[in-house]
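Accompanying notes for the structure given below.
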Amino acid sequence: MSVAIRVLLLFLMVPLAYAQERVDLFHASILVPNQSQAERNKAVVDGLSEVVLKTTGQAAALENPLIIEALSRASSYLVEWRYESTDETLEQGGQQRPAWRLVLRFSSNGIEKLLRDSRLPIWPASRPTVLAWLMVDSPSGRRFVNSTYSPDVAEALQTVAQQRGLPIIRPLMDLEDQVALSASSLWALDYDSIRRASERYDPDSILVGRLVERGGQWRASWVLMHRGRNMPFDSVGSDVAEMMATGLDPVVGYYVDLYAIIPQEGASEALTFQVDGVEDFANYVRLSSYLENLVAVRRFDVVAAQGSSLLLYVYPAGDAAVLRDALALDERLVLIPDLSLAGLPPGSPGNPLRYRWR
């Protein structure tokens, strides 16, 4: 496996319902008022900033000295670009004028080297989905956020989530949702009702937001529900976009702590894997491609093969627990439980971690 973190381009796989989603880390699209080089240069800087934010999950990464220096020569990371016509407008000279969308793609190799040199975390492209139930408390009452009620809130949610590479699911708010979860149950944080209403979407986690706007100031009370835990936090903002950003950043930070890899140049201790279900050479090629492109794996060696089983030495790029979490999220290598040998640590040569390839 290459020392560079090619891992950011994970091997293409069949999506698993809503549980996870693959994010295009190196793509950005920016609205521009015209096709001049000056506007394009500014948009490239904004696009590279968005890519860094998506790949690291940290707004503070943009304050890293190496990132600041890279932004000053953002065009050197650009691979291709094109303009698309839109129905949107931008204000220019006090007037709303038709806008173009500049679609940018940046070098994966260049970005991965930049992040490695900057010692910044890398959040893999395969990311957990978050089902967001939002409600606004207004003078006219409490209502669920959807495309017809508080569309500005719904748009801010999608925009901020997209900028951070956080896959957000919005409830359909059809009859089934309305029967399953009432406004009063959501506002009262009836967790059992919220979980039951969310089952049809099969998300990795659930985000509940109760929003209030008074006198131009937005406040929100949030709860992130994940792995049986209910984690509350608050956010404020002078406008809905700022409130949404300060609301979603803790969610992104939570997942970065779980799944992100901090690149390490030094050697790491190998884990011994036994992988069953490698029935033929085609399966072996797919398994190899998957491991070679997994951000949590620095390299791997095939030690032995017997029948449809392989014995591997797998070298994590960071903490071994992060590697195991990444494998659990992808669900391509399924852990076979309860086969550990007493007295030997899991992943040691005498007690390999056993997985089935699917």
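How things are named: the first chain in the structure tokens is A, the next is B, and so on; residues count from 1 in each chain; ligands count from 1 in the order shown.
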Please identify all polymer residues within 10 Å of Arg200 (chain A), counting only C-alpha atoms, omitting same-chain residues fewer than 3 positions from it, and present them as a ChimeraX atom specification. /A:18,171,176-177,195-197,203
Selection near Ile261 (chain A), 10 Å with only C-alpha atoms, sequence-local residues under 5 positions removed, as JSON, numbers by chain: {"A": [56, 119, 120, 121, 122, 123, 124, 256, 295, 296, 297, 316, 317, 318, 319, 322, 323, 326]}
Write a file of the just-selected residues containing C-alpha atoms, as a PDB file, in the first residue's frame.
ATOM      1  CA  THR A  56     -10.855  16.742   8.227  1.00  0.00           C
ATOM      2  CA  ARG A 119      -0.812  16.181  10.880  1.00  0.00           C
ATOM      3  CA  LEU A 120      -4.545  16.734  10.518  1.00  0.00           C
ATOM      4  CA  PRO A 121      -7.179  14.018  10.997  1.00  0.00           C
ATOM      5  CA  ILE A 122      -8.640  12.384   7.912  1.00  0.00           C
ATOM      6  CA  TRP A 123     -12.287  11.392   8.064  1.00  0.00           C
ATOM      7  CA  PRO A 124     -12.890   8.556   5.553  1.00  0.00           C
ATOM      8  CA  VAL A 256     -14.359  12.547  13.704  1.00  0.00           C
ATOM      9  CA  VAL A 295      -7.887   5.030   5.299  1.00  0.00           C
ATOM     10  CA  ALA A 296      -7.477   3.100   8.551  1.00  0.00           C
ATOM     11  CA  VAL A 297      -4.948   0.667   7.022  1.00  0.00           C
ATOM     12  CA  PRO A 316      -3.305   0.211  11.242  1.00  0.00           C
ATOM     13  CA  ALA A 317      -2.642   3.784  10.142  1.00  0.00           C
ATOM     14  CA  GLY A 318      -3.581   4.918  13.647  1.00  0.00           C
ATOM     15  CA  ASP A 319      -5.339   3.456  16.642  1.00  0.00           C
ATOM     16  CA  VAL A 322     -10.485   3.154  14.934  1.00  0.00           C
ATOM     17  CA  LEU A 323      -9.668   0.489  12.354  1.00  0.00           C
ATOM     18  CA  ALA A 326     -14.192   1.635  10.317  1.00  0.00           C
TER      19      ALA A 326
END
With only C-alpha atoms as the basis for distance, which of A:Ser107, A:Gln58, A:Thr159, A:Ser198 is at the shortest distance from Ala260 (chain A)? A:Gln58
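CA of Gln274 (chain A) lies 10.8 Å from CA of Ser348 (chain A).
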According to DSSP computed on the backbone, where in region 105-208 of chain A is there alpha helix (DSSP H)? Give the residues as a count of residues only. 44
